[in-house]
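run12.cif (mmCIF, C-alpha atoms) appears below.
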```
data_data
#
loop_
_atom_site.group_PDB
_atom_site.id
_atom_site.type_symbol
_atom_site.label_atom_id
_atom_site.label_comp_id
_atom_site.auth_asym_id
_atom_site.auth_seq_id
_atom_site.Cartn_x
_atom_site.Cartn_y
_atom_site.Cartn_z
ATOM 1 C CA MET I 1 10.905 -37.666 26.430
ATOM 2 C CA ALA I 2 14.261 -36.017 27.091
ATOM 3 C CA ILE I 3 15.645 -37.516 23.891
ATOM 4 C CA PHE I 4 13.226 -35.375 21.867
ATOM 5 C CA ILE I 5 14.418 -32.071 23.331
ATOM 6 C CA LEU I 6 18.103 -33.021 23.219
ATOM 7 C CA PRO I 7 18.728 -31.810 19.610
ATOM 8 C CA ALA I 8 17.063 -28.454 20.301
ATOM 9 C CA GLY I 9 18.957 -28.113 23.566
ATOM 10 C CA LEU I 10 22.285 -28.834 21.892
ATOM 11 C CA LEU I 11 21.498 -26.337 19.137
ATOM 12 C CA VAL I 12 20.643 -23.617 21.680
ATOM 13 C CA CYS I 13 23.862 -24.305 23.561
ATOM 14 C CA ALA I 14 25.916 -24.189 20.385
ATOM 15 C CA LEU I 15 24.357 -21.046 18.922
ATOM 16 C CA LEU I 16 23.496 -19.065 22.051
ATOM 17 C CA VAL I 17 24.998 -20.227 25.333
ATOM 18 C CA VAL I 18 28.560 -20.841 24.119
ATOM 19 C CA PRO I 19 28.875 -17.475 22.281
ATOM 20 C CA MET I 20 27.415 -15.691 25.316
ATOM 21 C CA LEU I 21 29.972 -17.315 27.602
ATOM 22 C CA MET I 22 32.753 -16.350 25.213
ATOM 23 C CA MET I 23 31.506 -12.764 25.112
ATOM 24 C CA ALA I 24 31.287 -12.688 28.907
ATOM 25 C CA ARG I 25 34.920 -13.698 29.071
ATOM 26 C CA ILE I 26 35.893 -11.040 26.511
ATOM 27 C CA SER I 27 34.083 -8.350 28.520
ATOM 28 C CA LEU I 28 36.525 -8.913 31.388
ATOM 29 C CA ASN I 29 39.592 -8.283 29.234
ATOM 30 C CA GLN I 30 41.387 -4.976 28.761
ATOM 31 C CA TYR I 31 41.547 -2.915 25.582
ATOM 32 C CA ASP I 32 44.893 -1.945 24.131
ATOM 33 C CA ALA I 33 45.321 0.322 21.110
ATOM 34 C CA THR I 34 48.203 -1.765 19.784
ATOM 35 C CA SER I 35 47.235 -5.383 20.476
ATOM 36 C CA LEU I 36 43.486 -4.524 20.712
ATOM 37 C CA MET I 37 42.835 -6.912 23.606
ATOM 38 C CA ILE I 38 44.815 -8.048 26.636
ATOM 39 C CA GLU I 39 43.603 -11.014 28.671
ATOM 40 C CA ALA I 40 42.624 -9.995 32.163
ATOM 41 C CA LEU I 41 39.919 -10.378 34.804
ATOM 42 C CA THR I 42 38.707 -6.839 35.443
ATOM 43 C CA ALA I 43 35.350 -5.143 35.755
ATOM 44 C CA GLN I 44 36.644 -1.787 34.506
ATOM 45 C CA ASN I 45 34.648 -2.038 31.252
ATOM 46 C CA TYR I 46 31.403 -2.372 33.195
ATOM 47 C CA LEU I 47 32.359 0.407 35.597
ATOM 48 C CA ARG I 48 33.217 2.695 32.691
ATOM 49 C CA ALA I 49 29.910 2.005 30.949
ATOM 50 C CA VAL I 50 27.894 2.631 34.101
ATOM 51 C CA ALA I 51 29.796 5.778 35.106
ATOM 52 C CA ASP I 52 30.047 7.424 31.671
ATOM 53 C CA PRO I 53 27.298 10.083 31.270
ATOM 54 C CA TYR I 54 27.196 9.461 27.524
ATOM 55 C CA TYR I 55 26.287 5.809 27.881
ATOM 56 C CA GLN I 56 23.890 6.661 30.692
ATOM 57 C CA ARG I 57 22.024 8.889 28.230
ATOM 58 C CA VAL I 58 22.171 6.201 25.546
ATOM 59 C CA LEU I 59 20.697 3.623 27.920
ATOM 60 C CA ALA I 60 18.024 6.073 29.110
ATOM 61 C CA THR I 61 17.123 6.864 25.488
ATOM 62 C CA THR I 62 16.901 3.154 24.694
ATOM 63 C CA LEU I 63 14.642 2.513 27.667
ATOM 64 C CA GLY I 64 12.433 5.489 26.845
ATOM 65 C CA VAL I 65 12.041 4.472 23.207
ATOM 66 C CA ALA I 66 11.401 0.817 24.086
ATOM 67 C CA LEU I 67 8.758 1.649 26.710
ATOM 68 C CA SER I 68 7.067 4.209 24.447
ATOM 69 C CA CYS I 69 6.983 1.773 21.537
ATOM 70 C CA THR I 70 5.627 -1.020 23.737
ATOM 71 C CA VAL I 71 2.784 1.089 25.134
ATOM 72 C CA LEU I 72 1.919 2.522 21.718
ATOM 73 C CA THR I 73 2.006 -0.942 20.149
ATOM 74 C CA VAL I 74 -0.427 -2.324 22.744
ATOM 75 C CA LEU I 75 -2.828 0.575 22.194
ATOM 76 C CA LEU I 76 -2.731 0.203 18.423
ATOM 77 C CA ALA I 77 -2.776 -3.599 18.357
ATOM 78 C CA PHE I 78 -5.658 -4.273 20.753
ATOM 79 C CA PRO I 79 -8.501 -2.996 18.507
ATOM 80 C CA ALA I 80 -7.026 -4.723 15.459
ATOM 81 C CA ALA I 81 -6.477 -7.956 17.384
ATOM 82 C CA TYR I 82 -10.028 -7.907 18.770
ATOM 83 C CA TRP I 83 -11.504 -7.304 15.327
ATOM 84 C CA LEU I 84 -9.371 -10.071 13.809
ATOM 85 C CA SER I 85 -10.193 -12.578 16.536
ATOM 86 C CA ARG I 86 -13.954 -11.971 16.278
ATOM 87 C CA MET I 87 -14.021 -11.996 12.481
ATOM 88 C CA GLU I 88 -16.209 -14.758 11.080
ATOM 89 C CA SER I 89 -15.750 -13.904 7.413
ATOM 90 C CA LYS I 90 -14.170 -16.248 4.889
ATOM 91 C CA TRP I 91 -11.537 -13.552 4.397
ATOM 92 C CA LYS I 92 -10.135 -14.032 7.901
ATOM 93 C CA SER I 93 -7.232 -16.186 6.709
ATOM 94 C CA ILE I 94 -6.340 -13.588 4.074
ATOM 95 C CA VAL I 95 -6.449 -10.798 6.661
ATOM 96 C CA THR I 96 -4.171 -12.862 8.904
ATOM 97 C CA ILE I 97 -1.721 -13.335 6.036
ATOM 98 C CA LEU I 98 -1.806 -9.597 5.335
ATOM 99 C CA THR I 99 -1.015 -9.001 9.012
ATOM 100 C CA LEU I 100 2.000 -11.267 8.633
ATOM 101 C CA PHE I 101 3.068 -9.732 5.337
ATOM 102 C CA PRO I 102 5.127 -6.835 6.842
ATOM 103 C CA LEU I 103 7.326 -9.447 8.530
ATOM 104 C CA LEU I 104 8.451 -10.588 5.085
ATOM 105 C CA VAL I 105 9.991 -7.174 4.397
ATOM 106 C CA GLY I 106 13.402 -6.424 5.857
ATOM 107 C CA ASN I 107 13.887 -3.605 8.353
ATOM 108 C CA VAL I 108 16.194 -1.739 5.969
ATOM 109 C CA VAL I 109 13.584 -1.795 3.203
ATOM 110 C CA ARG I 110 10.883 -0.647 5.595
ATOM 111 C CA SER I 111 13.097 2.138 6.890
ATOM 112 C CA ALA I 112 13.724 3.247 3.311
ATOM 113 C CA GLY I 113 9.977 3.491 2.876
ATOM 114 C CA TRP I 114 9.674 5.655 5.983
ATOM 115 C CA ILE I 115 12.469 7.881 4.673
ATOM 116 C CA ALA I 116 10.488 8.348 1.459
ATOM 117 C CA LEU I 117 7.471 9.379 3.548
ATOM 118 C CA LEU I 118 9.127 11.489 6.258
ATOM 119 C CA GLY I 119 12.025 13.167 4.423
ATOM 120 C CA ASN I 120 12.128 16.867 3.609
ATOM 121 C CA ASP I 121 11.189 15.992 0.037
ATOM 122 C CA GLY I 122 9.037 13.060 1.124
ATOM 123 C CA LEU I 123 5.383 12.419 0.478
ATOM 124 C CA ILE I 124 4.088 13.928 3.731
ATOM 125 C CA ASN I 125 5.976 17.224 3.413
ATOM 126 C CA ALA I 126 5.196 17.445 -0.306
ATOM 127 C CA THR I 127 1.484 16.959 0.430
ATOM 128 C CA LEU I 128 1.424 19.486 3.266
ATOM 129 C CA GLN I 129 3.189 22.109 1.158
ATOM 130 C CA GLY I 130 1.061 21.290 -1.879
ATOM 131 C CA ILE I 131 -2.198 21.988 -0.049
ATOM 132 C CA GLY I 132 -0.783 25.091 1.642
ATOM 133 C CA VAL I 133 -0.668 23.790 5.227
ATOM 134 C CA THR I 134 3.057 24.516 5.549
ATOM 135 C CA SER I 135 5.406 26.790 3.649
ATOM 136 C CA ALA I 136 8.593 24.880 4.492
ATOM 137 C CA PRO I 137 9.355 21.205 5.120
ATOM 138 C CA LEU I 138 8.723 19.927 8.625
ATOM 139 C CA LYS I 139 11.556 18.102 10.361
ATOM 140 C CA LEU I 140 10.012 14.655 10.551
ATOM 141 C CA LEU I 141 13.036 12.511 9.753
ATOM 142 C CA TYR I 142 16.013 12.009 12.090
ATOM 143 C CA THR I 143 13.893 12.595 15.176
ATOM 144 C CA PRO I 144 12.901 10.362 18.119
ATOM 145 C CA GLY I 145 9.354 10.372 16.772
ATOM 146 C CA ALA I 146 10.519 8.915 13.451
ATOM 147 C CA VAL I 147 12.397 6.163 15.299
ATOM 148 C CA ILE I 148 9.339 5.317 17.419
ATOM 149 C CA ILE I 149 7.078 5.227 14.356
ATOM 150 C CA GLY I 150 9.530 3.010 12.486
ATOM 151 C CA ILE I 151 9.989 0.554 15.372
ATOM 152 C CA VAL I 152 6.244 0.345 16.032
ATOM 153 C CA GLY I 153 5.732 -0.501 12.381
ATOM 154 C CA VAL I 154 8.190 -3.383 12.776
ATOM 155 C CA VAL I 155 6.790 -4.905 15.993
ATOM 156 C CA LEU I 156 3.062 -4.249 15.524
ATOM 157 C CA PRO I 157 2.305 -7.550 13.704
ATOM 158 C CA TYR I 158 3.824 -9.543 16.580
ATOM 159 C CA MET I 159 1.504 -7.878 19.080
ATOM 160 C CA VAL I 160 -1.587 -8.181 16.883
ATOM 161 C CA LEU I 161 -1.092 -11.901 16.301
ATOM 162 C CA THR I 162 -0.270 -12.604 19.956
ATOM 163 C CA LEU I 163 -3.325 -10.738 21.246
ATOM 164 C CA SER I 164 -5.707 -12.154 18.639
ATOM 165 C CA ALA I 165 -4.688 -15.704 19.557
ATOM 166 C CA VAL I 166 -5.514 -15.030 23.227
ATOM 167 C CA ILE I 167 -8.743 -13.127 22.556
ATOM 168 C CA GLU I 168 -9.979 -15.985 20.357
ATOM 169 C CA GLY I 169 -9.883 -18.168 23.473
ATOM 170 C CA ILE I 170 -12.258 -15.822 25.343
ATOM 171 C CA PRO I 171 -15.807 -17.195 24.931
ATOM 172 C CA ARG I 172 -17.994 -14.713 23.128
ATOM 173 C CA GLN I 173 -20.850 -15.721 25.449
ATOM 174 C CA THR I 174 -19.182 -13.984 28.401
ATOM 175 C CA GLU I 175 -19.349 -10.657 26.594
ATOM 176 C CA GLU I 176 -22.922 -11.287 25.499
ATOM 177 C CA ALA I 177 -23.938 -12.224 29.053
ATOM 178 C CA ALA I 178 -22.407 -9.040 30.453
ATOM 179 C CA ALA I 179 -24.149 -6.962 27.786
ATOM 180 C CA ASN I 180 -27.493 -8.662 28.534
ATOM 181 C CA LEU I 181 -27.061 -7.769 32.191
ATOM 182 C CA GLY I 182 -26.789 -4.090 31.259
ATOM 183 C CA ALA I 183 -23.036 -3.576 31.005
ATOM 184 C CA ARG I 184 -21.940 -0.913 28.564
ATOM 185 C CA PRO I 185 -19.383 -1.826 25.860
ATOM 186 C CA LEU I 186 -16.616 0.003 27.719
ATOM 187 C CA THR I 187 -17.500 -1.865 30.905
ATOM 188 C CA VAL I 188 -17.501 -5.184 29.062
ATOM 189 C CA PHE I 189 -14.055 -4.392 27.722
ATOM 190 C CA ALA I 190 -12.638 -3.244 31.069
ATOM 191 C CA ARG I 191 -14.211 -5.977 33.217
ATOM 192 C CA ILE I 192 -14.293 -8.956 30.865
ATOM 193 C CA VAL I 193 -12.063 -8.703 27.792
ATOM 194 C CA LEU I 194 -9.040 -6.891 29.195
ATOM 195 C CA PRO I 195 -8.556 -9.061 32.330
ATOM 196 C CA LEU I 196 -8.906 -12.273 30.335
ATOM 197 C CA ALA I 197 -6.568 -10.957 27.635
ATOM 198 C CA THR I 198 -3.883 -9.949 30.150
ATOM 199 C CA PRO I 199 -1.733 -13.049 29.457
ATOM 200 C CA GLY I 200 -1.645 -12.051 25.794
ATOM 201 C CA VAL I 201 -0.785 -8.472 26.701
ATOM 202 C CA ALA I 202 2.023 -9.734 28.922
ATOM 203 C CA ALA I 203 3.437 -12.123 26.315
ATOM 204 C CA GLY I 204 3.178 -9.594 23.494
ATOM 205 C CA SER I 205 4.636 -6.782 25.589
ATOM 206 C CA VAL I 206 7.640 -8.880 26.604
ATOM 207 C CA LEU I 207 8.332 -9.833 22.994
ATOM 208 C CA VAL I 208 7.879 -6.285 21.709
ATOM 209 C CA PHE I 209 9.947 -4.735 24.500
ATOM 210 C CA ILE I 210 12.859 -7.088 23.830
ATOM 211 C CA LEU I 211 12.743 -6.327 20.103
ATOM 212 C CA CYS I 212 12.600 -2.585 20.783
ATOM 213 C CA MET I 213 15.503 -2.642 23.226
ATOM 214 C CA ASN I 214 17.665 -4.399 20.648
ATOM 215 C CA ALA I 215 16.567 -2.428 17.578
ATOM 216 C CA TYR I 216 19.466 -1.527 15.298
ATOM 217 C CA ALA I 217 18.594 -0.740 11.666
ATOM 218 C CA THR I 218 15.602 1.493 12.392
ATOM 219 C CA PRO I 219 17.358 3.832 14.885
ATOM 220 C CA VAL I 220 20.386 4.123 12.614
ATOM 221 C CA LEU I 221 18.408 4.909 9.450
ATOM 222 C CA LEU I 222 15.568 6.998 10.915
ATOM 223 C CA GLY I 223 17.331 8.557 13.895
ATOM 224 C CA GLY I 224 20.459 9.760 12.157
ATOM 225 C CA PRO I 225 23.987 9.934 13.568
ATOM 226 C CA GLN I 226 22.982 12.130 16.506
ATOM 227 C CA PHE I 227 20.388 9.670 17.825
ATOM 228 C CA GLN I 228 22.011 6.822 19.746
ATOM 229 C CA MET I 229 20.560 3.625 21.161
ATOM 230 C CA MET I 230 22.363 0.735 22.791
ATOM 231 C CA ALA I 231 22.453 -1.737 19.898
ATOM 232 C CA PRO I 232 24.154 0.711 17.481
ATOM 233 C CA ALA I 233 26.506 1.750 20.297
ATOM 234 C CA VAL I 234 27.505 -1.883 20.841
ATOM 235 C CA TYR I 235 28.072 -2.354 17.111
ATOM 236 C CA ASP I 236 30.233 0.769 16.933
ATOM 237 C CA GLN I 237 32.526 -0.555 19.657
ATOM 238 C CA PHE I 238 33.009 -3.850 17.835
ATOM 239 C CA SER I 239 33.282 -2.597 14.256
ATOM 240 C CA ARG I 240 34.486 1.012 14.303
ATOM 241 C CA VAL I 241 36.543 1.287 17.496
ATOM 242 C CA SER I 242 37.535 -2.414 17.653
ATOM 243 C CA ASN I 243 37.172 -2.274 21.434
ATOM 244 C CA TRP I 244 35.748 -5.759 21.882
ATOM 245 C CA PRO I 245 35.959 -5.850 25.715
ATOM 246 C CA PHE I 246 33.991 -2.629 26.124
ATOM 247 C CA GLY I 247 31.528 -3.619 23.397
ATOM 248 C CA ALA I 248 30.936 -6.953 25.122
ATOM 249 C CA ALA I 249 30.375 -5.170 28.435
ATOM 250 C CA LEU I 250 27.832 -2.843 26.795
ATOM 251 C CA ALA I 251 26.082 -5.851 25.267
ATOM 252 C CA PHE I 252 25.777 -7.553 28.651
ATOM 253 C CA ILE I 253 24.528 -4.373 30.300
ATOM 254 C CA LEU I 254 21.867 -4.164 27.585
ATOM 255 C CA LEU I 255 20.979 -7.821 28.195
ATOM 256 C CA ILE I 256 20.765 -7.403 31.975
ATOM 257 C CA VAL I 257 18.638 -4.250 31.783
ATOM 258 C CA THR I 258 16.320 -5.904 29.240
ATOM 259 C CA LEU I 259 15.872 -9.004 31.410
ATOM 260 C CA PHE I 260 15.356 -6.883 34.544
ATOM 261 C CA MET I 261 12.701 -4.677 32.959
ATOM 262 C CA THR I 262 11.031 -7.712 31.374
ATOM 263 C CA ALA I 263 10.857 -9.470 34.741
ATOM 264 C CA ILE I 264 9.358 -6.387 36.415
ATOM 265 C CA GLY I 265 6.755 -5.957 33.669
ATOM 266 C CA SER I 266 5.815 -9.631 33.648
ATOM 267 C CA ALA I 267 5.452 -9.679 37.439
ATOM 268 C CA ALA I 268 3.284 -6.551 37.423
ATOM 269 C CA LEU I 269 0.985 -7.897 34.693
ATOM 270 C CA GLY I 270 0.878 -11.263 36.475
ATOM 271 C CA ARG I 271 -0.335 -9.631 39.688
ATOM 272 C CA ARG I 272 -2.885 -7.646 37.678
ATOM 273 C CA TYR I 273 -4.171 -10.862 36.097
ATOM 274 C CA ARG I 274 -4.433 -12.715 39.419
ATOM 275 C CA ALA I 275 -6.185 -9.763 41.039
ATOM 276 C CA ALA I 276 -8.727 -9.680 38.195
#
```
Can I see the file as structure tokens?
Amino acid sequence: MAIFILPAGLLVCALLVVPMLMMARISLNQYDATSLMIEALTAQNYLRAVADPYYQRVLATTLGVALSCTVLTVLLAFPAAYWLSRMESKWKSIVTILTLFPLLVGNVVRSAGWIALLGNDGLINATLQGIGVTSAPLKLLYTPGAVIIGIVGVVLPYMVLTLSAVIEGIPRQTEEAAANLGARPLTVFARIVLPLATPGVAAGSVLVFILCMNAYATPVLLGGPQFQMMAPAVYDQFSRVSNWPFGAALAFILLIVTLFMTAIGSAALGRRYRAA
């Protein structure tokens, strides 16, 4: 059986493991304004990133946005996923395709759509001023709220499809039995559906959190130059400053924090599932 996974394993090593090892080596080098990079074995790039208040704020902002987007995505996706999984109509396949359809649109195009909606001359402000609710444009664009809305719009289909696949595996008879025994709909959801759907919540949350932590296009386009998250900060070090060692160190710090938070969240949801 090992022969069947060998091609995939070699591909992962070639496209992921080897570049990561190379970047780890680069992160231990020193930056020089003239030669750009001097070979060394130093942890000063990591120490600088951890000690710098600016990058502390950037990392805190990234964590806050990622956690907010993950929680909001779960809350928005659960009703849609439940409705999709219990649908018995012939249109279910079409609805599933429509759920997937946003994934066919690039993040830049989607962000451009949000700009058209949230800008000072966008549809929302034009509507509010047209009906007399506001006399001046509201600042909706280039705010943390705009970034959260944009990222949620990107990751929501992943959560809906993940949850619907898990909820479909929950026998409908368990809900009907609980209802026949006098349980209210909220009780059925809290005691039956939610515990059994916890693996889907865990899997979807991990996927969404990772995507949110590494978001690039949406924060840049909807957050503006004053709003910084880790992925754009890493890109700036590589492309604008040409400080590859420090950029590599920032990338690994982002990776480590993402893995650490993912492990904590998965363990907490796992204990919740076993307790239920």
**Item:** Neighbour list for Thr262 (chain I) as a ChimeraX atom specification, cut-off 10 Å, all atoms listed in the file, skip fewer than 6 positions in-chain
**Value:** /I:202,205-207,209-210,256,268
**Item:** Selection near region 100-104 of chain I, 10 Å with only C-alpha atoms, sequence-local residues under 2 positions removed, as a ChimeraX atom specification
**Value:** /I:94-98,106-107,110,153-158,160-161
**Item:** Picked residues, the PyMOL selection byres ((chain I and resi 67) around 12), as a PyMOL selection string
**Value:** chain I and resi 60-66+68-74+148+151-152+205-206+208-213+258+261-262+265
**Request:** Would you list the contacts of region 181-195 of chain I as number ranges by chain, taking every protein, DNA or RNA residue within 12 Å and counting only C-alpha atoms, but skipping same-chain residues closer than 3 positions in sequence?
**Result:** I: 74-75, 78-79, 81-82, 163-164, 166-178, 198-202, 269-276
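In this structure, CA of Gly119 (chain I) sits 10.1 Å away from CA of Ala146 (chain I).
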To test your reading of the syntax: which residues would the PyMOL selection byres ((chain I and resi 249) around 9) return for the file shown? Reply as a PDB file with C-alpha atoms, in the frame of the given file.
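Full text of out23.pdb as output:
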```pdb
ATOM      1  CA  MET I  23      31.506 -12.764  25.112  1.00  0.00           C
ATOM      2  CA  ALA I  24      31.287 -12.688  28.907  1.00  0.00           C
ATOM      3  CA  ILE I  26      35.893 -11.040  26.511  1.00  0.00           C
ATOM      4  CA  SER I  27      34.083  -8.350  28.520  1.00  0.00           C
ATOM      5  CA  LEU I  28      36.525  -8.913  31.388  1.00  0.00           C
ATOM      6  CA  ALA I  43      35.350  -5.143  35.755  1.00  0.00           C
ATOM      7  CA  ASN I  45      34.648  -2.038  31.252  1.00  0.00           C
ATOM      8  CA  TYR I  46      31.403  -2.372  33.195  1.00  0.00           C
ATOM      9  CA  ALA I  49      29.910   2.005  30.949  1.00  0.00           C
ATOM     10  CA  VAL I 234      27.505  -1.883  20.841  1.00  0.00           C
ATOM     11  CA  TRP I 244      35.748  -5.759  21.882  1.00  0.00           C
ATOM     12  CA  PRO I 245      35.959  -5.850  25.715  1.00  0.00           C
ATOM     13  CA  PHE I 246      33.991  -2.629  26.124  1.00  0.00           C
ATOM     14  CA  GLY I 247      31.528  -3.619  23.397  1.00  0.00           C
ATOM     15  CA  ALA I 248      30.936  -6.953  25.122  1.00  0.00           C
ATOM     16  CA  LEU I 250      27.832  -2.843  26.795  1.00  0.00           C
ATOM     17  CA  ALA I 251      26.082  -5.851  25.267  1.00  0.00           C
ATOM     18  CA  PHE I 252      25.777  -7.553  28.651  1.00  0.00           C
ATOM     19  CA  ILE I 253      24.528  -4.373  30.300  1.00  0.00           C
ATOM     20  CA  LEU I 254      21.867  -4.164  27.585  1.00  0.00           C
TER      21      LEU I 254
END
```
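For the pair CA of Gly122 (chain I) and CA of Tyr216 (chain I), the separation is 22.9 Å.
Proximity ranking of I:Leu11, I:Ile5, I:Leu117, I:Ile124 relative to Ala136 (chain I) places I:Ile124 first, based on only C-alpha atoms.
Interatomic distance, CA of Pro232 (chain I) to CA of Pro219 (chain I): 7.9 Å.
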